[in-house]
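Engineer: File my_file.cif follows (mmCIF, C-alpha atoms and all ligand atoms):
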```cif
data_input
loop_
_atom_site.label_atom_id
_atom_site.label_comp_id
_atom_site.auth_asym_id
_atom_site.auth_seq_id
_atom_site.Cartn_x
_atom_site.Cartn_y
_atom_site.Cartn_z
CA MET A 136 -142.52 -45.84 -187.74
CA ARG A 137 -145.40 -45.47 -190.19
CA HIS A 138 -148.39 -47.75 -190.56
CA SER A 139 -150.45 -46.92 -193.60
CA THR A 140 -147.24 -46.90 -195.61
CA ARG A 141 -145.71 -50.36 -195.61
CA LEU A 142 -143.57 -52.79 -197.53
CA GLU A 143 -145.23 -56.18 -197.73
CA VAL A 144 -142.72 -58.94 -198.32
CA HIS A 145 -144.49 -61.88 -199.95
CA LEU A 146 -142.60 -64.99 -198.97
CA GLU A 147 -144.53 -67.19 -201.42
CA ARG A 148 -143.11 -65.05 -204.25
CA LEU A 149 -139.62 -65.50 -202.82
CA HIS A 150 -140.28 -69.24 -202.74
CA GLY A 151 -141.33 -69.08 -206.40
CA ASN A 152 -138.11 -67.25 -207.27
CA PHE A 153 -136.01 -69.88 -205.49
CA ASN A 154 -137.80 -72.63 -207.40
CA LEU A 155 -137.26 -70.84 -210.69
CA LEU A 156 -133.60 -70.26 -209.93
CA ARG A 157 -133.06 -73.88 -208.93
CA LYS A 158 -134.54 -74.99 -212.25
CA THR A 159 -131.99 -72.75 -213.97
CA ILE A 160 -128.90 -73.81 -212.01
CA GLY A 161 -129.70 -77.51 -211.52
CA GLN A 162 -127.58 -79.13 -208.83
CA LYS A 163 -125.41 -76.08 -208.14
CA ASP A 164 -125.35 -74.71 -204.62
CA LEU A 165 -126.33 -71.18 -203.92
CA LEU A 166 -124.98 -68.60 -201.57
CA PHE A 167 -127.83 -66.19 -200.94
CA MET A 168 -126.71 -62.55 -200.80
CA ILE A 169 -128.53 -60.76 -197.98
CA LYS A 170 -126.32 -57.67 -197.96
CA ALA A 171 -127.82 -54.24 -197.28
CA ASN A 172 -130.56 -55.64 -195.06
CA ALA A 173 -131.46 -58.22 -197.73
CA TYR A 174 -131.66 -55.47 -200.35
CA GLY A 175 -133.97 -53.51 -198.09
CA HIS A 176 -136.38 -56.38 -197.38
CA GLY A 177 -135.17 -57.23 -193.85
CA PHE A 178 -132.24 -59.65 -193.57
CA ILE A 179 -133.13 -61.31 -190.26
CA PRO A 180 -136.56 -62.63 -191.38
CA LEU A 181 -135.21 -63.54 -194.81
CA PHE A 182 -132.23 -65.40 -193.32
CA HIS A 183 -134.65 -67.41 -191.17
CA HIS A 184 -137.06 -68.05 -194.05
CA ALA A 185 -134.33 -69.04 -196.52
CA PHE A 186 -132.76 -71.47 -194.02
CA HIS A 187 -136.01 -73.20 -193.04
CA GLN A 188 -138.13 -72.98 -196.16
CA GLU A 189 -135.62 -72.82 -199.02
CA ASN A 190 -132.93 -75.06 -197.52
CA VAL A 191 -130.24 -72.41 -198.03
CA ARG A 192 -127.11 -73.06 -195.99
CA GLU A 193 -124.80 -70.29 -197.24
CA PHE A 194 -125.36 -66.57 -196.89
CA GLY A 195 -123.44 -63.44 -197.81
CA VAL A 196 -123.41 -60.15 -195.92
CA ALA A 197 -121.21 -57.05 -196.22
CA SER A 198 -119.93 -56.59 -192.69
CA LEU A 199 -118.95 -58.54 -189.63
CA GLY A 200 -121.62 -56.61 -187.73
CA ALA A 201 -124.37 -57.96 -189.98
CA ALA A 202 -123.01 -61.52 -189.70
CA LEU A 203 -123.01 -61.25 -185.92
CA ALA A 204 -126.55 -59.89 -185.88
CA ALA A 205 -127.74 -62.88 -187.92
CA ARG A 206 -125.78 -65.37 -185.81
CA ASN A 207 -126.89 -63.88 -182.50
CA GLU A 208 -130.53 -63.82 -183.56
CA PHE A 209 -130.53 -67.50 -184.55
CA PRO A 210 -127.51 -69.23 -182.96
CA GLU A 211 -129.06 -72.64 -183.70
CA LEU A 212 -129.04 -72.21 -187.50
CA LYS A 213 -126.03 -74.12 -188.76
CA SER A 214 -125.09 -72.15 -191.83
CA ASP A 215 -122.05 -70.55 -193.43
CA ILE A 216 -122.23 -66.77 -193.16
CA TYR A 217 -119.64 -65.08 -195.36
CA VAL A 218 -118.53 -61.49 -194.77
CA PHE A 219 -117.66 -59.90 -198.11
CA SER A 220 -116.50 -56.33 -197.50
CA ASP A 221 -115.87 -54.85 -194.07
CA LEU A 222 -113.97 -57.70 -192.42
CA GLU A 223 -112.57 -56.04 -189.27
CA LEU A 224 -109.97 -58.81 -189.11
CA GLU A 225 -107.60 -56.72 -187.06
CA GLY A 226 -110.06 -55.42 -184.50
CA LYS A 227 -111.27 -56.85 -181.21
CA LEU A 228 -114.28 -58.34 -182.93
CA ALA A 229 -112.08 -60.62 -185.04
CA GLU A 230 -112.42 -63.35 -182.41
CA ALA A 231 -116.06 -63.60 -183.44
CA TYR A 232 -115.00 -65.34 -186.65
CA HIS A 233 -113.89 -68.52 -184.94
CA GLN A 234 -116.18 -68.21 -181.92
CA LYS A 235 -119.31 -67.73 -183.98
CA GLY A 236 -118.40 -69.68 -187.10
CA ILE A 237 -118.35 -66.69 -189.45
CA ILE A 238 -116.25 -66.73 -192.62
CA PRO A 239 -114.24 -63.75 -193.90
CA VAL A 240 -113.85 -63.42 -197.66
CA LEU A 241 -110.17 -62.45 -197.82
CA HIS A 242 -109.76 -59.88 -200.55
CA SER A 243 -106.19 -58.67 -200.20
CA LEU A 244 -102.79 -60.19 -199.61
CA ALA A 245 -102.53 -58.16 -196.40
CA ASP A 246 -105.77 -59.79 -195.14
CA LEU A 247 -104.38 -63.18 -196.00
CA GLN A 248 -101.06 -62.54 -194.24
CA HIS A 249 -102.90 -61.44 -191.13
CA PHE A 250 -105.29 -64.39 -191.31
CA LEU A 251 -102.42 -66.86 -191.56
CA SER A 252 -100.47 -65.29 -188.73
CA ILE A 253 -103.19 -65.48 -186.04
CA PRO A 254 -103.66 -68.92 -184.42
CA GLU A 255 -107.41 -68.31 -183.80
CA PHE A 256 -107.98 -68.28 -187.55
CA CYS A 257 -106.46 -71.71 -188.14
CA HIS A 258 -109.88 -73.40 -187.98
CA VAL A 259 -111.70 -70.72 -189.94
CA PRO A 260 -112.33 -71.75 -193.58
CA LEU A 261 -109.94 -70.17 -196.06
CA VAL A 262 -111.90 -68.11 -198.61
CA LEU A 263 -110.06 -66.10 -201.24
CA LYS A 264 -111.55 -63.52 -203.58
CA PHE A 265 -109.52 -62.51 -206.62
CA ASP A 266 -109.73 -59.41 -208.74
CA THR A 267 -110.23 -60.55 -212.33
CA GLY A 268 -110.77 -57.03 -213.67
CA MET A 269 -113.22 -55.18 -211.47
CA HIS A 270 -110.57 -53.37 -209.40
CA ARG A 271 -112.78 -53.05 -206.37
CA LEU A 272 -111.90 -55.69 -203.77
CA GLY A 273 -109.82 -58.75 -204.59
CA ILE A 274 -106.31 -60.18 -204.56
CA GLU A 275 -104.52 -59.20 -207.74
CA ILE A 276 -103.76 -61.97 -210.22
CA GLU A 277 -100.14 -60.76 -210.40
CA GLN A 278 -99.84 -61.59 -206.70
CA LEU A 279 -100.51 -65.27 -207.32
CA PRO A 280 -96.87 -66.47 -206.94
CA GLU A 281 -96.56 -64.59 -203.64
CA LEU A 282 -99.89 -66.03 -202.45
CA VAL A 283 -98.86 -69.57 -203.38
CA SER A 284 -95.64 -69.34 -201.40
CA LEU A 285 -97.42 -67.76 -198.43
CA LEU A 286 -99.92 -70.63 -198.30
CA LYS A 287 -97.25 -73.28 -198.82
CA ASN A 288 -95.05 -71.83 -196.07
CA LYS A 289 -97.98 -72.22 -193.70
CA GLY A 290 -98.62 -75.79 -194.87
CA ARG A 291 -102.01 -74.90 -196.37
CA LYS A 292 -103.09 -77.35 -199.05
CA SER A 293 -106.70 -76.49 -199.61
CA ILE A 294 -108.92 -73.51 -200.29
CA TYR A 295 -112.45 -73.71 -198.97
CA HIS A 296 -113.97 -71.29 -201.48
CA LEU A 297 -112.35 -69.46 -204.38
CA MET A 298 -114.25 -66.44 -205.67
CA SER A 299 -114.24 -63.52 -208.03
CA HIS A 300 -116.88 -61.01 -209.10
CA PHE A 301 -117.98 -59.66 -212.49
CA SER A 302 -118.08 -55.92 -213.00
CA CYS A 303 -120.40 -55.70 -216.02
CA SER A 304 -122.70 -58.71 -215.97
CA PHE A 305 -125.70 -56.34 -216.06
CA ASN A 306 -124.80 -55.95 -219.74
CA SER A 307 -125.46 -58.58 -222.36
CA VAL A 308 -122.34 -60.76 -222.65
CA ILE A 309 -122.71 -60.48 -226.41
CA ASP A 310 -122.55 -56.67 -226.39
CA ASP A 311 -119.91 -56.42 -223.66
CA ARG A 312 -116.96 -58.85 -223.71
CA LYS A 313 -115.68 -57.88 -220.25
CA THR A 314 -117.61 -60.64 -218.47
CA THR A 315 -116.17 -63.31 -220.77
CA HIS A 316 -112.65 -61.95 -220.28
CA GLN A 317 -113.04 -61.96 -216.52
CA TYR A 318 -114.37 -65.49 -216.62
CA GLU A 319 -111.44 -66.72 -218.72
CA CYS A 320 -109.13 -65.14 -216.18
CA PHE A 321 -110.94 -66.96 -213.33
CA LEU A 322 -110.71 -70.32 -215.12
CA GLN A 323 -106.98 -69.79 -215.64
CA LEU A 324 -106.57 -68.88 -211.98
CA LYS A 325 -108.28 -72.10 -210.85
CA LYS A 326 -106.06 -74.10 -213.17
CA GLU A 327 -102.87 -72.51 -211.86
CA LEU A 328 -103.86 -72.99 -208.23
CA ARG A 329 -104.66 -76.64 -208.88
CA GLN A 330 -101.38 -77.10 -210.76
CA ALA A 331 -99.63 -75.60 -207.74
CA GLY A 332 -101.11 -78.48 -205.71
CA PHE A 333 -104.08 -76.85 -203.99
CA GLN A 334 -107.39 -78.56 -203.54
CA ILE A 335 -110.26 -76.13 -204.18
CA GLU A 336 -113.47 -77.23 -202.52
CA ARG A 337 -115.88 -74.54 -203.71
CA THR A 338 -115.82 -71.94 -206.47
CA SER A 339 -118.12 -69.08 -207.45
CA ILE A 340 -118.08 -65.99 -209.61
CA SER A 341 -121.64 -65.43 -210.84
CA ALA A 342 -124.21 -63.10 -209.35
CA SER A 343 -127.67 -62.52 -210.84
CA GLY A 344 -126.70 -60.94 -214.18
CA ALA A 345 -124.27 -63.72 -215.06
CA ILE A 346 -126.58 -66.47 -213.78
CA GLU A 347 -129.40 -65.17 -215.97
CA GLN A 348 -127.04 -65.34 -218.94
CA GLY A 349 -125.66 -68.77 -218.00
CA ILE A 350 -122.08 -67.59 -217.44
CA GLY A 351 -119.96 -69.09 -214.68
CA VAL A 352 -122.56 -71.63 -213.60
CA ILE A 353 -121.78 -75.05 -215.12
CA ASP A 354 -118.11 -75.26 -214.14
CA GLU A 355 -118.45 -73.81 -210.65
CA THR A 356 -119.84 -75.38 -207.50
CA HIS A 357 -121.78 -72.28 -206.42
CA VAL A 358 -123.59 -69.17 -207.61
CA ARG A 359 -124.12 -66.03 -205.50
CA PRO A 360 -127.49 -64.51 -206.42
CA GLY A 361 -128.94 -61.43 -204.82
CA LEU A 362 -131.20 -59.21 -206.89
CA MET A 363 -132.92 -61.89 -208.99
CA LEU A 364 -134.21 -63.63 -205.85
CA TYR A 365 -135.83 -60.38 -204.72
CA GLY A 366 -137.54 -60.21 -208.10
CA PRO A 367 -135.94 -58.09 -210.82
CA SER A 368 -133.67 -59.14 -213.59
CA ALA A 369 -130.16 -57.82 -212.98
CA LEU A 370 -129.79 -56.94 -216.65
CA ASP A 371 -130.02 -53.24 -217.36
CA HIS A 372 -131.86 -53.47 -220.66
CA GLN A 373 -135.31 -54.93 -221.07
CA LYS A 374 -134.35 -56.49 -224.42
CA ASP A 375 -131.98 -58.81 -222.50
CA TRP A 376 -134.36 -59.96 -219.77
CA THR A 377 -135.11 -63.66 -219.63
CA TRP A 378 -135.62 -63.91 -215.86
CA GLN A 379 -139.25 -64.49 -214.98
CA GLY A 380 -139.08 -63.91 -211.25
CA LYS A 381 -141.71 -62.00 -209.35
CA ASN A 382 -140.95 -58.91 -207.36
CA ILE A 383 -141.23 -60.15 -203.77
CA SER A 384 -142.40 -56.88 -202.26
CA THR A 385 -145.47 -54.67 -202.57
CA LEU A 386 -145.08 -51.07 -201.48
CA LYS A 387 -148.25 -49.31 -200.37
CA THR A 388 -149.07 -45.87 -199.10
CA LYS A 389 -152.21 -43.81 -198.52
CA ILE A 390 -153.80 -40.59 -199.72
CA ILE A 391 -154.03 -38.38 -196.65
CA ARG A 392 -155.31 -35.24 -198.34
CA LEU A 393 -157.11 -34.78 -201.63
CA PHE A 394 -158.17 -31.54 -203.31
CA PRO A 395 -158.90 -30.15 -206.75
CA GLY A 396 -155.97 -28.08 -208.02
CA LYS A 397 -155.99 -25.34 -210.62
CA LYS A 398 -153.24 -24.61 -213.11
CA GLY A 399 -150.85 -22.09 -211.51
CA MET A 400 -151.70 -23.01 -207.91
CA GLU A 401 -148.60 -23.35 -205.74
CA VAL A 402 -148.31 -26.61 -203.83
CA GLY A 403 -145.75 -27.68 -201.24
CA TYR A 404 -142.33 -26.18 -200.63
CA GLY A 405 -141.00 -23.48 -202.89
CA HIS A 406 -142.98 -21.92 -205.68
CA TYR A 407 -143.85 -25.03 -207.60
CA ALA A 408 -147.06 -24.22 -209.48
CA LEU A 409 -149.33 -26.88 -210.99
CA GLU A 410 -148.87 -27.03 -214.73
CA GLN A 411 -152.47 -28.06 -215.33
CA ASP A 412 -155.77 -28.55 -213.52
CA GLY A 413 -156.19 -31.85 -211.74
CA LEU A 414 -156.87 -33.74 -208.57
CA VAL A 415 -154.01 -33.35 -206.09
CA ALA A 416 -153.35 -36.35 -203.85
CA VAL A 417 -151.02 -35.91 -200.90
CA LEU A 418 -149.34 -39.26 -200.23
CA SER A 419 -148.07 -40.31 -196.86
CA MET A 420 -144.56 -41.00 -198.09
CA GLY A 421 -141.63 -38.73 -198.93
CA TYR A 422 -137.90 -38.73 -199.47
CA GLY A 423 -137.28 -39.62 -195.81
CA ASP A 424 -139.18 -42.85 -196.42
CA GLY A 425 -137.50 -43.75 -199.68
CA LEU A 426 -139.30 -41.81 -202.42
CA PRO A 427 -136.39 -39.60 -203.49
CA ILE A 428 -136.84 -36.16 -205.05
CA SER A 429 -135.26 -37.56 -208.20
CA LEU A 430 -138.51 -39.51 -208.72
CA THR A 431 -140.37 -36.31 -209.60
CA GLY A 432 -142.26 -36.96 -212.81
CA ALA A 433 -142.78 -40.67 -212.11
CA SER A 434 -146.18 -42.08 -213.02
CA PHE A 435 -148.56 -43.60 -210.48
CA GLU A 436 -151.52 -45.72 -211.57
CA HIS A 437 -154.62 -45.83 -209.42
CA LYS A 438 -158.16 -46.96 -210.28
CA GLY A 439 -157.36 -46.71 -213.98
CA PHE A 440 -156.01 -43.14 -213.77
CA THR A 441 -152.39 -42.13 -214.29
CA GLY A 442 -151.01 -39.50 -211.93
CA LYS A 443 -147.60 -37.83 -211.91
CA LEU A 444 -145.39 -37.12 -208.93
CA VAL A 445 -145.12 -33.32 -208.94
CA GLY A 446 -143.56 -30.48 -206.99
CA ARG A 447 -140.87 -30.74 -204.41
CA GLN A 448 -141.31 -33.71 -202.14
CA SER A 449 -141.27 -33.32 -198.38
CA MET A 450 -139.60 -35.65 -195.94
CA ASP A 451 -142.74 -37.71 -195.37
CA LEU A 452 -145.21 -36.42 -197.96
CA SER A 453 -145.44 -36.14 -201.70
CA PHE A 454 -147.89 -34.86 -204.30
CA VAL A 455 -149.41 -36.83 -207.14
CA LEU A 456 -151.46 -34.95 -209.70
CA PHE A 457 -154.25 -37.05 -211.21
CA PRO A 458 -156.41 -35.88 -214.14
CA PRO A 459 -159.55 -33.87 -213.21
CA GLU A 460 -161.78 -36.80 -214.29
CA ALA A 461 -160.49 -38.80 -211.31
CA GLU A 462 -162.53 -36.59 -208.99
CA GLY A 463 -165.24 -38.66 -207.30
CA GLN A 464 -163.46 -41.91 -208.12
CA ILE A 465 -160.16 -41.47 -206.35
CA ARG A 466 -160.93 -40.88 -202.70
CA LEU A 467 -159.35 -39.66 -199.51
CA HIS A 468 -157.67 -42.55 -197.62
CA ASP A 469 -157.39 -44.67 -200.76
CA GLU A 470 -154.44 -47.02 -200.63
CA ILE A 471 -151.93 -46.40 -203.44
CA CYS A 472 -149.79 -49.28 -204.62
CA ILE A 473 -146.41 -47.90 -205.61
CA TRP A 474 -145.16 -51.26 -206.80
CA ASP A 475 -146.33 -54.85 -206.78
CA ASP A 476 -145.13 -58.18 -208.14
CA ASP A 477 -144.23 -56.98 -211.65
CA TYR A 478 -140.54 -56.09 -211.60
CA SER A 479 -140.73 -53.89 -214.69
CA ARG A 480 -142.29 -51.26 -212.38
CA ILE A 481 -139.07 -51.23 -210.33
CA PHE A 482 -137.14 -50.48 -213.54
CA GLU A 483 -139.65 -47.77 -214.45
CA LEU A 484 -139.01 -46.01 -211.13
CA ALA A 485 -135.28 -46.64 -211.30
CA ASN A 486 -135.06 -45.21 -214.82
CA CYS A 487 -137.07 -42.17 -213.84
CA ALA A 488 -134.69 -41.47 -210.95
CA HIS A 489 -131.55 -42.27 -213.04
CA SER A 490 -130.96 -45.09 -210.63
CA ILE A 491 -130.98 -48.90 -210.51
CA PRO A 492 -133.38 -51.41 -208.90
CA TYR A 493 -130.83 -52.16 -206.14
CA GLU A 494 -131.05 -48.53 -205.00
CA VAL A 495 -134.84 -48.32 -205.34
CA PHE A 496 -135.10 -51.19 -202.83
CA THR A 497 -132.41 -50.07 -200.44
CA ASN A 498 -133.81 -46.51 -200.38
CA ILE A 499 -136.86 -47.70 -198.46
CA SER A 500 -136.08 -46.40 -195.01
CA SER A 501 -136.31 -48.21 -191.70
CA ARG A 502 -139.37 -46.06 -190.86
CA ILE A 503 -141.40 -48.20 -193.25
CA PRO A 504 -142.57 -51.40 -191.55
CA ARG A 505 -141.81 -54.61 -193.37
CA ILE A 506 -144.79 -56.95 -193.15
CA TYR A 507 -144.07 -60.60 -193.96
CA CYS A 508 -146.92 -62.36 -195.71
CA LEU A 509 -147.49 -65.97 -196.63
CA LYS A 510 -150.52 -66.51 -198.83
C1 LIG B 601 -119.36 -60.22 -204.19
C2 LIG B 601 -120.80 -60.23 -204.55
N1 LIG B 601 -121.36 -61.38 -204.95
C3 LIG B 601 -122.68 -61.44 -205.28
C4 LIG B 601 -123.47 -60.31 -205.22
C5 LIG B 601 -124.92 -60.41 -205.64
O1 LIG B 601 -125.15 -59.59 -206.75
P1 LIG B 601 -126.59 -59.53 -207.46
O2 LIG B 601 -127.48 -58.83 -206.52
O3 LIG B 601 -126.33 -58.74 -208.70
O4 LIG B 601 -127.01 -60.93 -207.71
C6 LIG B 601 -122.92 -59.10 -204.80
C7 LIG B 601 -123.79 -57.90 -204.67
O5 LIG B 601 -123.57 -56.97 -204.00
C8 LIG B 601 -121.55 -59.05 -204.47
O6 LIG B 601 -120.95 -57.91 -204.09
#
```
Re-express the file's structure as structure tokens.
Structural biologist:
Amino acid sequence: MRHSTRLEVHLERLHGNFNLLRKTIGQKDLLFMIKANAYGHGFIPLFHHAFHQENVREFGVASLGAALAARNEFPELKSDIYVFSDLELEGKLAEAYHQKGIIPVLHSLADLQHFLSIPEFCHVPLVLKFDTGMHRLGIEIEQLPELVSLLKNKGRKSIYHLMSHFSCSFNSVIDDRKTTHQYECFLQLKKELRQAGFQIERTSISASGAIEQGIGVIDETHVRPGLMLYGPSALDHQKDWTWQGKNISTLKTKIIRLFPGKKGMEVGYGHYALEQDGLVAVLSMGYGDGLPISLTGASFEHKGFTGKLVGRQSMDLSFVLFPPEAEGQIRLHDEICIWDDDYSRIFELANCAHSIPYEVFTNISSRIPRIYCLK
């Protein structure tokens, strides 16, 4: 655990993002995605905050283990917790679904067959996720007739939540037609299920990228945002950004050694030699904390000076080279803000590391304390 390096999670910014999103989606319900430890921000505190302060009643996690952790931490919170990926329907833990009121998102016909054959599941809501073109998880559209007869044989007449997921909604829907094609496929699927006599209570397909572009919102009961609520736009290209959310976290570290460096001087592991004179700041954060080696070359602003991440990072240390003029102004023990509320900084770091904002957030290791702040 480190102290001077910390991720502050500003709950008032999260509140602002919820308000902004609600203005965009009107009366639609939202299922808040808190996968991957709430995208690195800490899913237990965010689950609690979103339930009490944002009136969220539906949450999405990746695994049964995460759903159980949330349920066990706050058994009194009456909410739907959906498990999207690692269902463990066949294992011993499967009983937890009905005992703890957790909902599996069934994404294959085999899952569905198993679900329908076990009496314990008869009171668990039926949630089906279809593959409309992503080819990741999802029941294939071609399996629809088989699915219909399976459900009818078991006397099932209603589907609690029908879902699909877009594969390319981080692209503009004008430049990339895949999202529109997937959506047409989803609309057709709903129609055919209804024509087959099923009542569909809830539907959703849109995550942040599609919500920002207004696709799959009006005709569905729910949206399933993740990234946009943590701050950044989910669209890859700045030209397409319309989302005005604030990055909810501020990542800070400290200078723990500072010295003037001369061109040619070797610093850190290996034979990395400074390419110019400057002021070398050793930061108390390295790749083991979530500043990957691929970030070498990234810019860091401090007190009006721009430094560059140089050399080969260590597990818990890294080097930033500031210009020589920073001497006397940048000081030992200064706090360095790696990112703050402006989400374009997250893209800057992601682009530098050939990565995406999702990974920048989830890279922040558990050694970094998350501090929850309310203004
Ligand atoms: C099925 C599903 N729905 C919604 C989301 C949320 O996506 P985003 O963070 O792009 O809003 C995810 C993200 O992992 C997902 O897998």
Engineer: Which residues are near A:Met168? Cut-off 8 Å, all atoms listed in the file, ignore same chain within fewer than 3 positions. Put them as JSON, numbers by chain.
Structural biologist: {"A": [173, 194, 195, 196, 359, 360, 361]}
Engineer: Compute the set of protein, DNA and RNA residues whose minimum atom distance to ligand LIG 601 (chain B) is at most 7 Å, using all atoms listed in the file, and state it as a ChimeraX atom specification.
Structural biologist: /A:168,170,219,300,341-344,359-363,369
Engineer: Counting only C-alpha atoms, what are the residues of stretch 136-159 of chain A within 12 Å of stretch 349-357 of chain A, and for each of them which pair of atoms is the nearest and at what distance in Å, to one decimal? Sort the table by chain and rising number, as CSV.
Structural biologist:
```
residue,atom,partner,partner_atom,distance
A:Leu156,CA,A:Gly349,CA,11.4
A:Arg157,CA,A:His357,CA,11.7
A:Thr159,CA,A:Gly349,CA,8.5
```
Engineer: Go ahead and save the picked residues with C-alpha atoms, as a PDB file, in the frame of the given file.
Structural biologist:
```
ATOM      1  CA  LEU A 156    -133.600 -70.260-209.930  1.00  0.00           C
ATOM      2  CA  ARG A 157    -133.060 -73.880-208.930  1.00  0.00           C
ATOM      3  CA  THR A 159    -131.990 -72.750-213.970  1.00  0.00           C
TER       4      THR A 159
END
```
Engineer: In Å, rounded to a single decimal, give me how far atom CA of A:Trp378 is from atom CA of A:Gly425.
Structural biologist: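 A separation of 25.9 Å between them.
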Engineer: Would you compute the distance between atom CA of A:Glu494 and atom CA of A:Glu223? Give it in Å to one decimal.
Structural biologist: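 Result for atom CA of A:Glu494 versus atom CA of A:Glu223: 25.4 Å, one decimal.
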Engineer: Add whatever atoms are absent from stretch 171-190 of chain A to reach N, CA and C atoms, and provide the output as a tab-separated table (two decimals), keeping the file's coordinate frame.
Structural biologist:
```tsv
chain	number	residue	atom	x	y	z
A	171	ALA	N	-126.97	-55.44	-197.30
A	171	ALA	CA	-127.82	-54.24	-197.28
A	171	ALA	C	-129.24	-54.58	-196.80
A	172	ASN	N	-129.27	-55.27	-195.65
A	172	ASN	CA	-130.56	-55.64	-195.06
A	172	ASN	C	-131.43	-56.42	-196.04
A	173	ALA	N	-130.78	-57.41	-196.69
A	173	ALA	CA	-131.46	-58.22	-197.73
A	173	ALA	C	-132.10	-57.28	-198.76
A	174	TYR	N	-131.25	-56.41	-199.30
A	174	TYR	CA	-131.66	-55.47	-200.35
A	174	TYR	C	-132.91	-54.70	-199.90
A	175	GLY	N	-132.89	-54.34	-198.62
A	175	GLY	CA	-133.97	-53.51	-198.09
A	175	GLY	C	-135.17	-54.29	-197.57
A	176	HIS	N	-135.18	-55.62	-197.72
A	176	HIS	CA	-136.38	-56.38	-197.38
A	176	HIS	C	-136.38	-56.90	-195.93
A	177	GLY	N	-135.25	-56.74	-195.24
A	177	GLY	CA	-135.17	-57.23	-193.85
A	177	GLY	C	-134.38	-58.53	-193.79
A	178	PHE	N	-133.08	-58.46	-193.41
A	178	PHE	CA	-132.24	-59.65	-193.57
A	178	PHE	C	-132.47	-60.70	-192.49
A	179	ILE	N	-132.94	-60.29	-191.31
A	179	ILE	CA	-133.13	-61.31	-190.26
A	179	ILE	C	-134.29	-62.25	-190.64
A	180	PRO	N	-135.47	-61.71	-190.98
A	180	PRO	CA	-136.56	-62.63	-191.38
A	180	PRO	C	-136.23	-63.43	-192.64
A	181	LEU	N	-135.50	-62.80	-193.58
A	181	LEU	CA	-135.21	-63.54	-194.81
A	181	LEU	C	-134.16	-64.64	-194.60
A	182	PHE	N	-133.23	-64.38	-193.70
A	182	PHE	CA	-132.23	-65.40	-193.32
A	182	PHE	C	-132.97	-66.61	-192.75
A	183	HIS	N	-133.88	-66.34	-191.83
A	183	HIS	CA	-134.65	-67.41	-191.17
A	183	HIS	C	-135.49	-68.17	-192.20
A	184	HIS	N	-136.19	-67.42	-193.04
A	184	HIS	CA	-137.06	-68.05	-194.05
A	184	HIS	C	-136.22	-68.90	-195.02
A	185	ALA	N	-135.12	-68.33	-195.50
A	185	ALA	CA	-134.33	-69.04	-196.52
A	185	ALA	C	-133.73	-70.32	-195.93
A	186	PHE	N	-133.33	-70.28	-194.66
A	186	PHE	CA	-132.76	-71.47	-194.02
A	186	PHE	C	-133.83	-72.55	-193.90
A	187	HIS	N	-134.99	-72.18	-193.35
A	187	HIS	CA	-136.01	-73.20	-193.04
A	187	HIS	C	-136.83	-73.61	-194.25
A	188	GLN	N	-137.20	-72.66	-195.08
A	188	GLN	CA	-138.13	-72.98	-196.16
A	188	GLN	C	-137.44	-73.25	-197.50
A	189	GLU	N	-136.27	-72.67	-197.70
A	189	GLU	CA	-135.62	-72.82	-199.02
A	189	GLU	C	-134.37	-73.68	-198.93
A	190	ASN	N	-134.08	-74.18	-197.72
A	190	ASN	CA	-132.93	-75.06	-197.52
A	190	ASN	C	-131.60	-74.41	-197.91
```
